[in-house]
Each structure stands twice: as structure tokens, then as C-alpha cells.
$ cat model_16.txt   # compact mmCIF, C-alpha atoms
# COMPACT_ATOMS: atom_id res chain seq x y z
CA MET A 1 173.47 90.85 119.54
CA THR A 2 176.25 90.14 122.02
CA ARG A 3 176.68 86.63 123.36
CA ARG A 4 177.83 87.60 126.87
CA ILE A 5 178.27 90.86 128.78
CA VAL A 6 181.39 90.42 130.90
CA CYS A 7 181.67 92.89 133.78
CA LEU A 8 185.20 93.14 135.15
CA GLY A 9 186.04 94.96 138.36
CA ASP A 10 185.14 95.14 141.99
CA VAL A 11 182.86 93.18 144.31
CA MET A 12 182.26 94.42 147.84
CA VAL A 13 180.31 93.80 151.00
CA ASP A 14 178.45 97.04 151.75
CA VAL A 15 177.72 98.24 155.28
CA LEU A 16 175.05 100.91 154.80
CA ALA A 17 174.06 103.48 157.40
CA ILE A 18 170.92 105.46 156.56
CA LEU A 19 171.61 108.73 158.37
CA PRO A 20 168.60 110.58 159.83
CA GLY A 21 170.45 113.91 159.65
CA PRO A 22 173.95 115.37 159.52
CA LEU A 23 176.78 113.17 160.77
CA ARG A 24 177.76 114.32 164.26
CA HIS A 25 181.52 114.56 164.16
CA ALA A 26 183.30 113.13 167.24
CA SER A 27 179.94 112.00 168.67
CA ASP A 28 177.17 109.47 167.98
CA THR A 29 174.69 109.48 165.09
CA PRO A 30 172.24 106.59 165.66
CA ALA A 31 171.02 105.18 162.34
CA PRO A 32 169.59 102.00 160.81
CA VAL A 33 172.41 99.83 159.48
CA THR A 34 172.05 97.15 156.81
CA LEU A 35 174.42 94.66 155.21
CA GLY A 36 174.32 94.44 151.44
CA HIS A 37 176.42 93.50 148.46
CA GLY A 38 178.14 95.97 146.20
CA GLY A 39 181.09 96.72 143.97
CA SER A 40 180.47 98.60 140.73
CA ALA A 41 181.11 95.74 138.28
CA ALA A 42 179.30 93.14 140.41
CA ASN A 43 176.32 95.48 140.79
CA THR A 44 176.11 95.99 137.03
CA ALA A 45 176.21 92.23 136.44
CA ALA A 46 173.39 91.73 138.96
CA TRP A 47 171.21 94.41 137.37
CA LEU A 48 171.93 92.91 133.92
CA ALA A 49 170.68 89.55 135.14
CA ALA A 50 167.58 91.26 136.56
CA CYS A 51 166.97 92.63 133.03
CA GLY A 52 167.24 89.17 131.49
CA ALA A 53 170.65 89.82 129.94
CA PRO A 54 173.64 87.45 130.24
CA GLY A 55 175.58 89.12 133.06
CA TYR A 56 179.01 87.67 133.86
CA PHE A 57 181.18 89.01 136.66
CA VAL A 58 184.97 88.70 136.70
CA GLY A 59 186.73 89.61 139.92
CA ARG A 60 188.50 88.42 143.04
CA VAL A 61 187.45 87.74 146.63
CA GLY A 62 189.21 86.69 149.78
CA ASP A 63 189.21 83.19 151.22
CA ASP A 64 186.69 84.18 153.87
CA ALA A 65 183.00 84.09 154.75
CA PHE A 66 182.34 87.44 153.06
CA GLY A 67 183.86 86.16 149.82
CA ARG A 68 181.87 82.94 149.83
CA GLU A 69 178.70 84.89 150.57
CA ALA A 70 179.47 87.38 147.77
CA VAL A 71 179.75 84.59 145.22
CA ARG A 72 176.62 82.83 146.50
CA VAL A 73 174.60 86.03 146.25
CA LEU A 74 175.78 86.69 142.70
CA VAL A 75 174.67 83.19 141.67
CA ASP A 76 171.33 83.68 143.43
CA GLN A 77 170.87 86.94 141.50
CA GLY A 78 171.38 85.15 138.20
CA VAL A 79 174.97 86.20 137.54
CA SER A 80 177.63 83.86 136.18
CA PRO A 81 180.64 84.58 138.43
CA LEU A 82 184.18 84.00 137.17
CA VAL A 83 185.83 84.66 140.50
CA SER A 84 189.32 83.86 141.74
CA ILE A 85 190.18 83.57 145.44
CA ASP A 86 193.03 85.33 147.20
CA PRO A 87 194.46 83.22 150.03
CA ALA A 88 195.68 86.25 151.99
CA ALA A 89 193.82 89.47 151.14
CA PRO A 90 190.27 89.87 152.53
CA THR A 91 187.14 90.39 150.48
CA GLY A 92 186.51 94.08 149.83
CA VAL A 93 184.28 95.97 152.24
CA CYS A 94 182.72 99.40 151.83
CA ILE A 95 181.10 101.59 154.49
CA VAL A 96 178.32 103.62 152.88
CA LEU A 97 176.83 106.65 154.60
CA VAL A 98 173.50 107.68 153.05
CA SER A 99 172.33 111.20 153.87
CA PRO A 100 168.64 112.19 154.15
CA ASP A 101 168.63 113.43 150.54
CA GLY A 102 169.70 109.97 149.35
CA GLU A 103 173.27 110.96 148.45
CA ARG A 104 175.91 108.44 149.46
CA THR A 105 179.45 108.81 150.78
CA MET A 106 181.67 105.74 150.50
CA ILE A 107 184.61 104.53 152.58
CA PRO A 108 185.98 101.54 150.64
CA SER A 109 188.59 98.98 151.64
CA SER A 110 189.31 97.23 148.36
CA GLY A 111 191.04 94.13 149.72
CA ALA A 112 191.26 91.27 147.21
CA ASN A 113 189.91 93.47 144.41
CA LEU A 114 193.43 94.91 144.15
CA THR A 115 195.20 91.56 143.79
CA ILE A 116 193.53 90.28 140.62
CA ARG A 117 196.08 89.37 137.94
CA PRO A 118 195.83 88.67 134.18
CA ALA A 119 196.38 84.95 134.85
CA ASP A 120 193.13 84.96 136.87
CA LEU A 121 191.05 85.84 133.80
CA GLY A 122 191.29 82.62 131.85
CA ALA A 123 192.08 82.05 128.19
CA ASP A 124 188.43 82.25 127.08
CA LEU A 125 187.57 85.53 128.82
CA LEU A 126 186.15 87.12 125.67
CA GLY A 127 185.08 86.19 122.18
CA ALA A 128 184.29 88.35 119.17
CA GLN A 129 180.57 88.36 119.98
CA ASP A 130 181.05 89.29 123.64
CA HIS A 131 180.98 92.70 125.28
CA LEU A 132 183.42 93.84 127.97
CA HIS A 133 182.09 96.28 130.55
CA LEU A 134 184.92 97.65 132.65
CA SER A 135 184.50 99.45 135.95
CA GLY A 136 186.76 102.50 135.95
CA TYR A 137 187.87 101.56 139.45
CA ALA A 138 189.77 98.61 137.94
CA LEU A 139 191.86 101.10 135.93
CA LEU A 140 192.10 103.75 138.64
CA ASN A 141 193.40 101.38 141.34
CA GLU A 142 197.05 100.59 140.73
CA GLY A 143 196.73 97.03 142.03
CA SER A 144 194.13 95.99 139.44
CA ARG A 145 195.28 98.23 136.57
CA GLU A 146 197.49 95.66 134.82
CA THR A 147 194.57 93.23 134.67
CA ALA A 148 192.14 95.87 133.44
CA LEU A 149 194.52 96.87 130.65
CA PHE A 150 195.04 93.20 129.79
CA ALA A 151 191.28 92.75 129.48
CA LEU A 152 191.03 95.81 127.21
CA GLY A 153 193.83 94.40 125.09
CA THR A 154 192.07 91.04 124.89
CA ALA A 155 188.86 92.74 123.78
CA ALA A 156 190.76 94.58 121.04
CA SER A 157 192.49 91.42 119.86
CA VAL A 158 189.26 89.42 119.46
CA GLY A 159 187.07 92.31 118.29
CA ALA A 160 184.78 92.43 121.33
CA SER A 161 182.92 95.69 122.02
CA VAL A 162 183.80 97.71 125.13
CA SER A 163 182.11 100.05 127.58
CA VAL A 164 183.77 101.79 130.51
CA ASP A 165 182.18 103.42 133.54
CA ALA A 166 184.36 106.40 134.49
CA ALA A 167 183.67 105.58 138.18
CA SER A 168 184.84 108.66 140.12
CA ALA A 169 186.21 112.12 139.36
CA GLY A 170 188.64 112.33 142.28
CA PRO A 171 190.69 109.24 141.33
CA ILE A 172 190.61 110.32 137.67
CA ARG A 173 192.20 113.64 138.63
CA ALA A 174 194.78 111.75 140.71
CA VAL A 175 195.97 109.65 137.73
CA GLY A 176 195.33 112.39 135.16
CA GLY A 177 192.50 112.65 132.67
CA ALA A 178 194.77 112.35 129.65
CA VAL A 179 196.35 109.19 131.06
CA PHE A 180 192.92 107.63 131.66
CA LEU A 181 191.81 108.45 128.12
CA ASP A 182 194.96 106.88 126.69
CA TRP A 183 193.90 103.61 128.31
CA LEU A 184 190.54 103.54 126.48
CA PRO A 185 190.20 102.00 123.01
CA ASP A 186 188.76 103.90 120.06
CA GLY A 187 185.05 103.29 119.72
CA ALA A 188 184.50 102.53 123.40
CA LEU A 189 181.25 103.58 125.05
CA LEU A 190 182.06 105.82 128.02
CA LEU A 191 179.52 106.34 130.80
CA ALA A 192 180.34 109.41 132.90
CA ASN A 193 178.75 112.21 134.90
CA ALA A 194 179.56 115.89 134.39
CA ASP A 195 182.26 115.99 137.07
CA GLU A 196 183.97 112.95 135.53
CA VAL A 197 183.80 114.48 132.05
CA ARG A 198 185.46 117.64 133.35
CA ALA A 199 188.13 115.55 135.10
CA LEU A 200 188.89 113.76 131.82
CA SER A 201 189.25 116.86 129.66
CA PRO A 202 191.54 119.91 129.73
CA GLU A 203 188.64 122.03 128.48
CA PRO A 204 187.06 124.27 131.16
CA ASP A 205 183.68 124.49 129.45
CA ASP A 206 181.33 121.51 129.89
CA ALA A 207 180.30 121.35 126.24
CA ALA A 208 183.90 121.67 125.06
CA ALA A 209 184.97 118.97 127.53
CA LEU A 210 182.39 116.61 126.07
CA ASP A 211 183.52 117.49 122.53
CA HIS A 212 187.08 116.65 123.55
CA LEU A 213 186.08 113.12 124.57
CA VAL A 214 184.13 112.53 121.35
CA GLU A 215 187.08 113.79 119.32
CA ARG A 216 189.17 111.10 121.04
CA GLY A 217 186.99 108.48 119.32
CA LEU A 218 184.61 107.74 122.19
CA THR A 219 180.84 107.59 122.29
CA VAL A 220 179.83 109.27 125.55
CA VAL A 221 176.70 108.92 127.63
CA LEU A 222 176.69 111.90 129.99
CA LYS A 223 174.73 111.10 133.15
CA ARG A 224 172.90 114.18 134.46
CA GLY A 225 170.95 112.77 137.40
CA GLY A 226 167.48 114.25 137.62
CA GLU A 227 167.98 115.94 134.25
CA GLY A 228 168.37 112.61 132.47
CA ALA A 229 171.27 111.89 130.13
CA LEU A 230 172.91 113.14 126.97
CA VAL A 231 174.17 110.89 124.17
CA ALA A 232 177.25 112.34 122.43
CA SER A 233 178.39 110.57 119.28
CA GLY A 234 180.09 112.31 116.36
CA ALA A 235 178.27 115.60 115.82
CA ASP A 236 175.10 114.41 117.57
CA ARG A 237 174.13 115.61 121.05
CA LEU A 238 170.88 113.86 121.93
CA PRO A 239 169.16 114.53 125.28
CA VAL A 240 167.24 111.69 126.91
CA PRO A 241 164.83 112.76 129.67
CA ALA A 242 164.97 111.35 133.18
CA THR A 243 162.47 109.15 134.94
CA PRO A 244 161.68 111.34 137.99
CA VAL A 245 161.43 109.59 141.38
CA PRO A 246 162.19 110.55 144.98
CA ALA A 247 165.76 109.52 145.84
CA VAL A 248 166.05 107.12 148.78
CA ASP A 249 169.63 105.90 148.25
CA THR A 250 171.85 106.66 145.26
CA THR A 251 174.22 103.76 146.02
CA GLY A 252 174.64 101.71 142.85
CA ALA A 253 172.45 103.99 140.73
CA GLY A 254 175.17 104.43 138.12
CA ASP A 255 175.72 100.67 138.00
CA ALA A 256 172.01 100.06 137.45
CA PHE A 257 172.02 102.76 134.77
CA ALA A 258 174.91 100.99 133.01
CA ALA A 259 173.02 97.70 133.06
CA GLY A 260 169.88 99.46 131.86
CA VAL A 261 171.84 100.72 128.85
CA LEU A 262 173.77 97.53 128.07
CA ALA A 263 170.82 95.12 128.34
CA PRO A 264 168.74 96.71 125.53
CA LEU A 265 171.87 97.14 123.40
CA HIS A 266 172.36 93.40 123.83
CA HIS A 267 168.81 92.85 122.57
CA GLY A 268 169.36 95.10 119.54
CA SER A 269 168.03 98.51 120.63
CA ASP A 270 169.63 101.73 119.43
CA LEU A 271 171.66 103.77 121.90
CA VAL A 272 169.07 106.47 122.58
CA GLU A 273 166.41 103.90 123.43
CA ALA A 274 168.96 102.03 125.55
CA VAL A 275 169.76 105.20 127.50
CA ARG A 276 166.05 105.79 128.05
CA GLN A 277 165.84 102.34 129.63
CA GLY A 278 169.03 103.08 131.56
CA ASN A 279 167.37 106.15 133.06
CA ALA A 280 164.38 104.03 134.10
CA LEU A 281 166.53 101.36 135.77
CA GLY A 282 168.64 104.01 137.51
CA ALA A 283 165.42 105.53 138.85
CA ARG A 284 164.40 102.14 140.18
CA ALA A 285 167.75 101.81 141.92
CA VAL A 286 167.57 105.17 143.72
CA SER A 287 164.05 104.32 144.92
CA GLN A 288 165.37 101.53 147.17
CA VAL A 289 168.04 101.00 149.80
CA GLY A 290 171.16 99.19 148.58
CA ALA A 291 173.15 98.77 145.38
CA ARG A 292 171.61 95.57 144.00
CA PRO A 293 168.13 94.46 142.92
CA GLY A 294 166.06 93.76 146.03
CA ARG A 295 166.81 94.95 149.55
CA PRO A 296 169.81 94.32 151.84
CA ARG A 297 169.29 92.61 155.18
CA ALA A 298 169.38 94.27 158.58
CA ALA A 299 172.72 94.10 160.37
CA ARG A 300 172.81 92.12 163.60

$ encode --input "model_16.txt" --output "C-alpha cells"
Amino acid sequence: MTRRIVCLGDVMVDVLAILPGPLRHASDTPAPVTLGHGGSAANTAAWLAACGAPGYFVGRVGDDAFGREAVRVLVDQGVSPLVSIDPAAPTGVCIVLVSPDGERTMIPSSGANLTIRPADLGADLLGAQDHLHLSGYALLNEGSRETALFALGTAASVGASVSVDAASAGPIRAVGGAVFLDWLPDGALLLANADEVRALSPEPDDAAALDHLVERGLTVVLKRGGEGALVASGADRLPVPATPVPAVDTTGAGDAFAAGVLAPLHHGSDLVEAVRQGNALGARAVSQVGARPGRPRAAR
């Protein structure tokens, strides 16, 4: 059993617009707008706390009202925040456009998330019994990459276990799949969807791409949306069925899924059972508006 699950990465204020239909380019598209809290790593920590697991969040906010609110909300949601404050850069903000089918399009402004430095992490960031969960955005964004690599190095030096959420296929292709894989330690648990797996591998075939990642020493949980997930470890390829629900908003679904996997692993479950619970928590997330447990508030 791990002592703490330390989620390192981004925290954002989310401005969500629930679109009633297609976005009308160069015109108006009236829609309900809500203010919520997001950021992949912060979301995962909040969902971990909702599962009764010890969720810690490590990140950076601006010296502004959004930053103070972000920290307050994390504490209210049961997260232990280890947050540094940037005196100049603003707290990150993300505009989220949710289409009628529940799919989200994000327009992020990372702000202080990009200014976190290794010195902000503290000497006791991780112990041997802790688990580091790293948002891929922390590696993919150049401003936070040094700190993300430092955290991975710290985990290796103390013997802490590691999981990484691949985050997004487009940025992976921008830095190069082989480069991203070189950053990951042997034995890490990688959470990725099919597009991200293809971005990480030179293999054109989906199954061969997954094999490539496993051959690199990773255990991979392939997220397949409504088709569930696939656990790939060694020679095993184990499907885990989905929990079917109507999709309202997919914002934060992958973060909830990550928490749903990590929480039962913390309590001693095997990986297949953990992924089953991850599917269930991801389904809960897509059934609501917003990226965190509970509902965001209406914008004024």
C-alpha cells in the first residue's frame, strides 16, 4: 500500500460553455457558461480524495484571486495541496467548449503552471512508499519540463512507484514520441488513449504500437472510451469492459479514470480490478458537467 499519491502538474480555472449546437464562426452562439476548477493533475488529486485515497497536489498558482480560490477548493475537496505562488505569472485558465455529444475542446492559458521549478517541490516530495502520478502536460510543456523530470528522478532515487497520463496526442507528436518515451522510467504505468499510443510509437498498426510501448518496459492501460480499457503488461492483453452512460461532458474524464485506477491500487487491488473501478469513475465524470467531483457554479 502506498503512503501518499502525489499528483504533479497543472491546476486551472475552467470556463465551460455548454454549446447547444455547432459553434457559429464569426457570430454568436448563446450557451450556458459555468466556472469550475480543472487542471489534469489537480483533477486527479480531487477524484482521489473523493475515493478516500490520500491525494496530494503539487503545482503552482499566481498571486491572484483565482490562485487563492484554486487552493481553497482543493482543500475543500479533501486534497493536500503543496502549492507554490508565482508573484508575476497568473493562475492558469482554460476555456472549455462542450459540444452536444459531450466532447470537449480546450483553449488553455497555462500561466503559472509553466513557471514551477525543482526548488518549489521541497526536499520531502517523495518517499519510498509514495506514488508519483505525473500529468503528461508537465513533460510536454517546456516551462515545466525540468521540474517534471526532476520529480521522475526523485521517484527513481527513493524507489517510489510512478504513473504517467500521456495527456494529449498533438503535443506528443510535437516533441516526438521517442523523446517522450525516453523521459519515462522502466516499470512506469502509462495511461493513454489510442491516439496517444499511436503518437508514442513508430508502428502504424494499433496492436504493434501497444507492443512497442510494453517492450520499452511500460505497463500500459489503453483507454478506449465506450469500449472500456485494455491492460497491456508483458504478454498479457486483458480487456476491461466499460460502464456505459450517456456522455454529458467529457472534461476531466481521463483524470477521474486515473484516480479510479490509482485509488484501488493504493488499497491493494490488482490492476485489472483497479481499471474496472477506473472505468466506473470515468463514467461518473462524463455524466456531470465539469472536471471535478460535484458541479461547477454558474458564471455571473

$ axis_aligned_box --input "model_16.txt" --around "stretch 31-50 of chain A" --padding-each-side "8 Å" --output "AutoDock Vina command-line options"
--center_x 174.3 --center_y 97.4 --center_z 148.1 --size_x 29.5 --size_y 31.6 --size_z 44.4

$ residues_around --input "model_16.txt" --residues "A:Leu181" --least-positions-apart "6" --cutoff "9 Å" --atoms "all atoms listed in the file" --output "count of residues only"
4

$ residues_around --input "model_16.txt" --residues "A:Thr91" --least-positions-apart "4" --cutoff "6 Å" --atoms "only C-alpha atoms" --output "PDB file with C-alpha atoms, in the frame of the given file"
ATOM      1  CA  VAL A  61     187.450  87.740 146.630  1.00  0.00           C
ATOM      2  CA  GLY A  62     189.210  86.690 149.780  1.00  0.00           C
ATOM      3  CA  GLY A  67     183.860  86.160 149.820  1.00  0.00           C
ATOM      4  CA  GLY A 111     191.040  94.130 149.720  1.00  0.00           C
ATOM      5  CA  ALA A 112     191.260  91.270 147.210  1.00  0.00           C
TER       6      ALA A 112
END

$ atom_distance --input "model_16.txt" --atom1 "atom CA of A:Ala148" --atom2 "atom CA of A:Gly59"
10.5 Å

$ closest_residue --input "model_16.txt" --among "A:Pro264, A:Gly187, A:Pro20, A:Gly170" --to "A:Asn141" --atoms "only C-alpha atoms"
A:Gly170

$ closest_atom_pairs --input "model_16.txt" --of "stretch 82-192 of chain A" --to "stretch 43-47 of chain A" --cutoff "10 Å" --atoms "all atoms listed in the file" --output "JSON lines"
{"residue": "A:His133", "atom": "CA", "partner": "A:Thr44", "partner_atom": "CA", "distance": 8.8}
{"residue": "A:Leu134", "atom": "CA", "partner": "A:Thr44", "partner_atom": "CA", "distance": 10.0}
{"residue": "A:Ser135", "atom": "CA", "partner": "A:Thr44", "partner_atom": "CA", "distance": 9.1}
